[in-house]
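**Student:** This structure is in structure tokens; I'll ask about it shortly.
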Amino acid sequence: MAYITLPTFVGYSTSSGPSRSSFVRRWRRQYEDPNRGGFNFYLRAANAIRAGRISGRDREVLRALVENADERTRPHYTEIADGWLRYVGRRDLRLAEVGRSRWRLGTLEVGINPHLGLRKGDGPVYVTWLYFKEEPLSRDAAQMVLWLLEQTMDDLRPGGRPLVIDVRRSKEFALSPRDRDKVKPWVRSEASAFMSLWEAAA
């Protein structure tokens, strides 16, 4: 059985050519030797966004995130802070609890750990995954995440709806019924291809 995180699976799906093989090989080595694990560059940003929503002081919390960043992380955290504040704007967003799950296909498990549960006004809870990277999130990658959130919704938040936000660009992605039919076979084929490269990397 192989276990990877959802960001890892998204990173694999957006790679191409020979880089896919090296990507999987690198993650297999990390899986077999957890001490090789890298620093989660965006964990502090995710925690700050959540803390800002809990306190209702998004601007102050994110300003502190930027001011306490080093020279390498400050430009990234600045873009993330600006993007999130634009997204929140005048929206009535309240936090809601969400769980965790795993999606399985054959011998592959993908950890599904959404960042937030967001309730917009009196509407349903949106089980929300945040994308922080400098490169814009592609529509295909967003659809993959949305589909996987939907497949595990009974564990994450029964009755919830999936939502993906490209934070730097304040951009939402949602899944339509037409998209759902197209995404399912693609995600499954990506998972099968990942496992083929994983086994070859042994």
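In the structure tokens, each chain is lettered A, B, ... as it comes, each chain's residues begin at 1, and ligands are numbered from 1 in order of appearance.
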Run DSSP on the backbone of this structure and report the residues of region 115-190 of chain A it assigns to strand (DSSP E or B), as a CSV table (one decimal) with C-alpha atoms, in the first residue's frame.
**Tutor:**
chain,number,residue,atom,x,y,z
A,116,LEU,CA,-11.3,24.8,6.3
A,117,GLY,CA,-15.0,24.4,6.6
A,118,LEU,CA,-16.6,27.6,5.4
A,119,ARG,CA,-20.3,28.5,5.8
A,120,LYS,CA,-21.4,31.3,3.5
A,125,VAL,CA,-20.8,24.2,4.6
A,126,TYR,CA,-18.1,24.3,2.0
A,127,VAL,CA,-15.3,21.8,2.6
A,128,THR,CA,-12.4,24.0,1.4
A,129,TRP,CA,-9.0,23.1,0.1
A,130,LEU,CA,-6.6,26.1,-0.3
A,131,TYR,CA,-4.0,26.3,-3.0
A,161,ARG,CA,-20.0,20.9,-0.7
A,162,PRO,CA,-16.5,20.9,-2.1
A,163,LEU,CA,-14.7,24.1,-2.7
A,164,VAL,CA,-11.1,24.9,-3.9
A,165,ILE,CA,-9.6,28.4,-3.6
A,166,ASP,CA,-6.5,29.5,-5.4
A,171,LYS,CA,-10.2,32.4,-7.3
A,172,GLU,CA,-12.9,29.9,-6.5
A,173,PHE,CA,-13.4,26.6,-8.3
**Student:** Taking the DSSP secondary structure from the backbone, can you list the residues of region 89-158 of chain A that are alpha helix (DSSP H), as a PyMOL selection string?
**Tutor:** chain A and resi 139-151+153-156
**Student:** Can I get the selected residues back with N, CA, C and O atoms, as a PDB file, in the first residue's frame?
**Tutor:**
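That gives us selection_4.pdb:
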ATOM      1  N   ARG A 139      -7.323  24.430 -14.093  1.00  0.00           N
ATOM      2  CA  ARG A 139      -8.708  23.974 -13.905  1.00  0.00           C
ATOM      3  C   ARG A 139      -8.755  22.464 -13.721  1.00  0.00           C
ATOM      4  O   ARG A 139      -9.526  21.955 -12.901  1.00  0.00           O
ATOM      5  N   ASP A 140      -7.939  21.729 -14.477  1.00  0.00           N
ATOM      6  CA  ASP A 140      -7.932  20.268 -14.348  1.00  0.00           C
ATOM      7  C   ASP A 140      -7.533  19.840 -12.942  1.00  0.00           C
ATOM      8  O   ASP A 140      -8.155  18.954 -12.349  1.00  0.00           O
ATOM      9  N   ALA A 141      -6.480  20.450 -12.405  1.00  0.00           N
ATOM     10  CA  ALA A 141      -6.032  20.094 -11.060  1.00  0.00           C
ATOM     11  C   ALA A 141      -7.100  20.429 -10.026  1.00  0.00           C
ATOM     12  O   ALA A 141      -7.346  19.661  -9.085  1.00  0.00           O
ATOM     13  N   ALA A 142      -7.748  21.575 -10.185  1.00  0.00           N
ATOM     14  CA  ALA A 142      -8.820  21.949  -9.268  1.00  0.00           C
ATOM     15  C   ALA A 142      -9.968  20.955  -9.335  1.00  0.00           C
ATOM     16  O   ALA A 142     -10.538  20.567  -8.301  1.00  0.00           O
ATOM     17  N   GLN A 143     -10.305  20.517 -10.553  1.00  0.00           N
ATOM     18  CA  GLN A 143     -11.389  19.543 -10.708  1.00  0.00           C
ATOM     19  C   GLN A 143     -11.050  18.223 -10.019  1.00  0.00           C
ATOM     20  O   GLN A 143     -11.905  17.563  -9.429  1.00  0.00           O
ATOM     21  N   MET A 144      -9.778  17.830 -10.091  1.00  0.00           N
ATOM     22  CA  MET A 144      -9.339  16.613  -9.405  1.00  0.00           C
ATOM     23  C   MET A 144      -9.582  16.723  -7.900  1.00  0.00           C
ATOM     24  O   MET A 144     -10.149  15.810  -7.276  1.00  0.00           O
ATOM     25  N   VAL A 145      -9.161  17.841  -7.314  1.00  0.00           N
ATOM     26  CA  VAL A 145      -9.334  18.020  -5.875  1.00  0.00           C
ATOM     27  C   VAL A 145     -10.814  18.042  -5.516  1.00  0.00           C
ATOM     28  O   VAL A 145     -11.256  17.402  -4.549  1.00  0.00           O
ATOM     29  N   LEU A 146     -11.608  18.764  -6.279  1.00  0.00           N
ATOM     30  CA  LEU A 146     -13.042  18.850  -6.008  1.00  0.00           C
ATOM     31  C   LEU A 146     -13.699  17.472  -6.055  1.00  0.00           C
ATOM     32  O   LEU A 146     -14.525  17.130  -5.194  1.00  0.00           O
ATOM     33  N   TRP A 147     -13.331  16.681  -7.038  1.00  0.00           N
ATOM     34  CA  TRP A 147     -13.913  15.346  -7.171  1.00  0.00           C
ATOM     35  C   TRP A 147     -13.523  14.469  -5.980  1.00  0.00           C
ATOM     36  O   TRP A 147     -14.369  13.747  -5.424  1.00  0.00           O
ATOM     37  N   LEU A 148     -12.261  14.543  -5.557  1.00  0.00           N
ATOM     38  CA  LEU A 148     -11.820  13.732  -4.423  1.00  0.00           C
ATOM     39  C   LEU A 148     -12.481  14.196  -3.124  1.00  0.00           C
ATOM     40  O   LEU A 148     -12.844  13.359  -2.275  1.00  0.00           O
ATOM     41  N   LEU A 149     -12.659  15.480  -2.944  1.00  0.00           N
ATOM     42  CA  LEU A 149     -13.398  15.968  -1.788  1.00  0.00           C
ATOM     43  C   LEU A 149     -14.823  15.439  -1.797  1.00  0.00           C
ATOM     44  O   LEU A 149     -15.351  15.017  -0.758  1.00  0.00           O
ATOM     45  N   GLU A 150     -15.431  15.459  -2.954  1.00  0.00           N
ATOM     46  CA  GLU A 150     -16.811  14.986  -3.065  1.00  0.00           C
ATOM     47  C   GLU A 150     -16.920  13.496  -2.759  1.00  0.00           C
ATOM     48  O   GLU A 150     -17.864  13.042  -2.095  1.00  0.00           O
ATOM     49  N   GLN A 151     -15.955  12.722  -3.214  1.00  0.00           N
ATOM     50  CA  GLN A 151     -15.984  11.273  -2.997  1.00  0.00           C
ATOM     51  C   GLN A 151     -15.862  10.905  -1.518  1.00  0.00           C
ATOM     52  O   GLN A 151     -16.329   9.841  -1.108  1.00  0.00           O
ATOM     53  N   MET A 153     -16.880  12.982   1.043  1.00  0.00           N
ATOM     54  CA  MET A 153     -17.651  13.971   1.795  1.00  0.00           C
ATOM     55  C   MET A 153     -18.345  13.381   3.017  1.00  0.00           C
ATOM     56  O   MET A 153     -18.517  14.067   4.029  1.00  0.00           O
ATOM     57  N   ASP A 154     -18.734  12.121   2.964  1.00  0.00           N
ATOM     58  CA  ASP A 154     -19.400  11.520   4.131  1.00  0.00           C
ATOM     59  C   ASP A 154     -18.486  11.525   5.353  1.00  0.00           C
ATOM     60  O   ASP A 154     -18.966  11.602   6.492  1.00  0.00           O
ATOM     61  N   ASP A 155     -17.185  11.422   5.127  1.00  0.00           N
ATOM     62  CA  ASP A 155     -16.231  11.504   6.234  1.00  0.00           C
ATOM     63  C   ASP A 155     -15.898  12.943   6.595  1.00  0.00           C
ATOM     64  O   ASP A 155     -15.681  13.273   7.766  1.00  0.00           O
ATOM     65  N   LEU A 156     -15.828  13.803   5.581  1.00  0.00           N
ATOM     66  CA  LEU A 156     -15.370  15.175   5.797  1.00  0.00           C
ATOM     67  C   LEU A 156     -16.439  16.049   6.441  1.00  0.00           C
ATOM     68  O   LEU A 156     -16.197  16.733   7.433  1.00  0.00           O
TER      69      LEU A 156
END
**Student:** In Å, rounded to a single decimal, give me how far CA of Asp58 (chain A) is from CA of Thr78 (chain A).
**Tutor:**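 Straight-line distance from CA of Thr78 (chain A) to CA of Asp58 (chain A) works out to 13.3 Å.
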**Student:** Which is closer to Trp84 (chain A) than all the others in A:Leu175, A:Ala193, A:Val183, A:Ile49, using only C-alpha atoms?
**Tutor:**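 Smallest separation from Trp84 (chain A) among the options: A:Ile49.
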**Student:** Report, in Å with one decimal, the straight-line distance from CA of Ala201 (chain A) to CA of Tyr12 (chain A).
**Tutor:**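 Computed distance, CA of Ala201 (chain A) to CA of Tyr12 (chain A), equals 14.6 Å.
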**Student:** Choose the residue, out of A:Val187, A:Leu137, A:Ala51, A:Val110, that has the smallest atom-to-atom separation from Thr5 (chain A); count only C-alpha atoms.
**Tutor:**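 Result for the nearest residue to Thr5 (chain A): A:Val110.
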